[in-house]
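Below is the file entry_11.cif, which contains mmCIF, C-alpha atoms.
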data_start
loop_
_atom_site.label_atom_id
_atom_site.label_comp_id
_atom_site.auth_asym_id
_atom_site.auth_seq_id
_atom_site.Cartn_x
_atom_site.Cartn_y
_atom_site.Cartn_z
CA MET L 1 0.00 0.00 0.00
CA SER L 2 1.46 3.34 -1.02
CA LEU L 3 1.20 6.53 0.99
CA VAL L 4 -0.91 9.19 -0.74
CA LYS L 5 0.56 12.69 -0.52
CA GLY L 6 -1.62 15.64 0.27
CA ILE L 7 -5.09 15.33 1.72
CA ASN L 8 -8.35 13.66 0.85
CA PRO L 9 -10.06 16.12 -1.56
CA GLY L 10 -13.44 15.17 -0.11
CA ARG L 11 -12.50 17.09 3.05
CA LEU L 12 -12.44 20.35 1.06
CA LYS L 13 -16.22 20.73 0.94
CA HIS L 14 -16.74 24.45 1.60
CA ARG L 15 -16.49 27.14 -1.08
CA VAL L 16 -14.56 30.15 0.26
CA THR L 17 -13.39 33.40 -1.29
CA ILE L 18 -9.95 34.82 -0.59
CA MET L 19 -10.22 38.60 -0.31
CA ARG L 20 -7.29 41.00 -0.64
CA TYR L 21 -7.04 44.68 0.23
CA GLN L 22 -6.70 46.87 -2.86
CA GLU L 23 -5.92 50.53 -3.09
CA THR L 24 -8.76 52.61 -4.56
CA GLU L 25 -9.86 56.23 -4.53
CA ASP L 26 -13.04 57.51 -2.96
CA GLU L 27 -15.23 60.29 -4.38
CA LEU L 28 -12.96 62.95 -2.84
CA GLY L 29 -9.79 61.51 -4.36
CA ASN L 30 -8.47 60.05 -1.10
CA THR L 31 -6.69 56.71 -1.16
CA VAL L 32 -8.67 54.01 0.66
CA TYR L 33 -8.10 50.28 1.03
CA GLU L 34 -11.05 47.99 0.40
CA LEU L 35 -11.42 44.24 0.20
CA ALA L 36 -11.83 42.80 -3.29
CA PRO L 37 -12.21 39.15 -4.32
CA LEU L 38 -8.92 37.51 -5.29
CA LYS L 39 -9.78 33.85 -5.73
CA THR L 40 -12.51 31.33 -4.93
CA CYS L 41 -11.44 27.86 -3.84
CA TRP L 42 -12.52 24.76 -1.92
CA ALA L 43 -11.61 24.54 1.76
CA GLU L 44 -12.16 22.71 5.00
CA LEU L 45 -13.09 24.85 8.02
CA ARG L 46 -12.66 23.40 11.48
CA PRO L 47 -13.20 25.30 14.72
CA VAL L 48 -10.16 25.07 16.98
CA ARG L 49 -11.13 27.10 20.04
CA GLY L 50 -13.18 30.04 21.20
CA LYS L 51 -12.30 32.87 23.54
CA GLU L 52 -14.57 35.28 25.31
CA GLN L 53 -13.03 38.07 27.32
CA LEU L 54 -13.79 41.44 28.77
CA GLU L 55 -11.86 44.11 26.89
CA TYR L 56 -12.30 47.79 27.79
CA TYR L 57 -15.49 46.96 29.66
CA LYS L 58 -17.15 45.23 26.72
CA SER L 59 -17.41 41.58 25.84
CA VAL L 60 -15.24 40.38 22.92
CA ASN L 61 -15.81 37.03 21.23
CA ASP L 62 -13.03 35.50 19.14
CA LEU L 63 -13.28 32.09 17.48
CA MET L 64 -10.20 30.31 16.10
CA TYR L 65 -10.52 28.20 12.95
CA LYS L 66 -8.14 26.06 10.95
CA VAL L 67 -8.85 26.53 7.24
CA THR L 68 -7.25 23.96 4.93
CA ILE L 69 -6.89 24.82 1.23
CA ARG L 70 -4.83 23.66 -1.71
CA ARG L 71 -1.62 25.61 -2.17
CA THR L 72 -2.21 29.09 -3.59
CA ASP L 73 -0.81 32.63 -3.30
CA VAL L 74 -2.53 33.57 -0.03
CA THR L 75 -0.82 35.84 2.53
CA GLU L 76 -1.41 36.80 6.16
CA LYS L 77 -2.84 40.14 5.00
CA ASP L 78 -5.72 38.46 3.15
CA VAL L 79 -9.18 37.71 4.53
CA ILE L 80 -11.23 34.53 4.04
CA LEU L 81 -14.92 35.05 3.26
CA PHE L 82 -17.33 32.16 3.89
CA ARG L 83 -21.13 32.53 3.82
CA GLY L 84 -20.97 36.19 4.80
CA ARG L 85 -18.50 35.54 7.64
CA GLN L 86 -14.98 36.95 7.57
CA PHE L 87 -11.88 35.28 8.94
CA GLN L 88 -8.62 37.15 9.61
CA ILE L 89 -5.54 35.03 8.83
CA ASN L 90 -3.17 34.87 11.79
CA TYR L 91 -0.52 32.63 10.24
CA ILE L 92 -0.05 30.10 7.43
CA THR L 93 1.65 26.72 7.69
CA ASN L 94 2.79 24.39 4.94
CA PRO L 95 2.43 20.93 6.55
CA LEU L 96 5.33 18.57 5.86
CA GLU L 97 6.77 21.25 3.51
CA ASP L 98 5.35 19.27 0.55
CA ASN L 99 3.58 22.25 -1.13
CA TYR L 100 0.33 20.31 -1.59
CA TYR L 101 -1.92 22.21 0.80
CA LEU L 102 -1.84 25.04 3.32
CA GLU L 103 -3.31 25.34 6.78
CA LEU L 104 -4.47 28.85 7.67
CA MET L 105 -5.01 29.62 11.34
CA CYS L 106 -7.76 32.24 11.32
CA THR L 107 -9.76 34.29 13.79
CA GLU L 108 -13.42 35.11 13.33
CA SER L 109 -14.16 38.12 15.47
CA LYS L 110 -17.85 38.58 16.11
CA ASP L 111 -17.33 42.20 17.15
CA HIS L 112 -15.02 43.60 14.45
CA ALA L 113 -16.33 43.51 10.88
CA VAL L 114 -14.15 44.19 7.85
CA LYS L 115 -15.51 46.49 5.16
CA GLU L 116 -16.01 44.73 1.86
CA ALA L 117 -15.98 46.53 -1.48
CA ASP L 118 -19.06 46.39 -3.69
CA HIS L 119 -17.93 45.12 -7.07
CA GLY L 120 -20.58 44.30 -9.60
#
In structure tokens, write the structure found in this file.
Amino acid sequence: MSLVKGINPGRLKHRVTIMRYQETEDELGNTVYELAPLKTCWAELRPVRGKEQLEYYKSVNDLMYKVTIRRTDVTEKDVILFRGRQFQINYITNPLEDNYYLELMCTESKDHAVKEADHG
């Protein structure tokens, strides 16, 4: 029996969009950064842990997720969009350094939303 490299593609059952900040101008000519779609791909989302804390006298909820995708040009500055929810990428690992797939450790903050650009 041979060892199969990579992961079982059946695990990648969620369609996610990788969003990247792009420089645009507003109606006054000021430079603003808005999220724009970069790529849509299949992924596996698994909750890792949740954290609820009191920060500046208000409750803050942060949920950690591990998002597994096939290797692509994603960076820590990008945002993962899934069914209207946004996940900030904390760090990216390349398991076994085989360049088959990436694991993105992400935080979904219920209290801090990221502005998304309207394109189309």
For this session: Go ahead and compute the interatomic distance for atom CA of Thr93 of chain L and atom CA of Asp73 of chain L, in Å to one decimal.
Result: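 Spanning atom CA of Thr93 of chain L to atom CA of Asp73 of chain L is a straight-line distance of 12.7 Å.
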Apply the PyMOL selection byres ((chain L and resi 71) around 6) to the structure shown and report the selected residues as a JSON list (two decimals) with C-alpha atoms, keeping the file's coordinate frame.
[["chain", "number", "residue", "atom", "x", "y", "z"],
["L", 70, "ARG", "CA", -4.83, 23.66, -1.71],
["L", 72, "THR", "CA", -2.21, 29.09, -3.59],
["L", 100, "TYR", "CA", 0.33, 20.31, -1.59],
["L", 101, "TYR", "CA", -1.92, 22.21, 0.80],
["L", 102, "LEU", "CA", -1.84, 25.04, 3.32]]
For this session: List the neighbours of Glu103 of chain L out to 7 Å using only C-alpha atoms; skip same-chain residues closer than 2 positions along the sequence, and give me the result as a list in words.
Result: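 Here the answer would be Lys66, Val67, Thr68, Ile69, Ile92, Thr93, Asn94, Tyr101 and Met105 of chain L.
Going from atom CA of Leu38 of chain L over to atom CA of Arg20 of chain L, you cover 6.0 Å.
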Problem set entry | Residues near Glu76 of chain L, cut-off 9 Å, all atoms listed in the file, skip fewer than 5 positions along chain, as a ChimeraX atom specification | /L:88-92,104
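Here atom CA of Glu44 of chain L is placed at a distance of 13.6 Å from atom CA of Met64 of chain L.
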For this session: Run the PyMOL selection byres ((chain L and resi 78-81) around 8) on the file and write out the hits as an NGL selection string.
Result: :L and (16-21 or 74-77 or 82-89)
For this session: Rank L:Gln22, L:Asn8, L:Thr107, L:Asn99 by their smallest atom-to-atom distance to Leu35 of chain L, using only C-alpha atoms, and report the top residue only.
Result: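 Using only C-alpha atoms, Leu35 of chain L sits closest to L:Gln22.
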For this session: Rank nothing, just name the residue among L:Cys106, L:Lys13, L:Leu28, L:Leu63 nearest to Cys41 of chain L, using only C-alpha atoms.
Result: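 Ranked by minimum distance to Cys41 of chain L, first place goes to L:Lys13.
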Problem set entry | Result set, the PyMOL selection byres ((chain L and resi 32) around 12) on current file, as number ranges by chain | L: 21-31, 33-35, 115-117
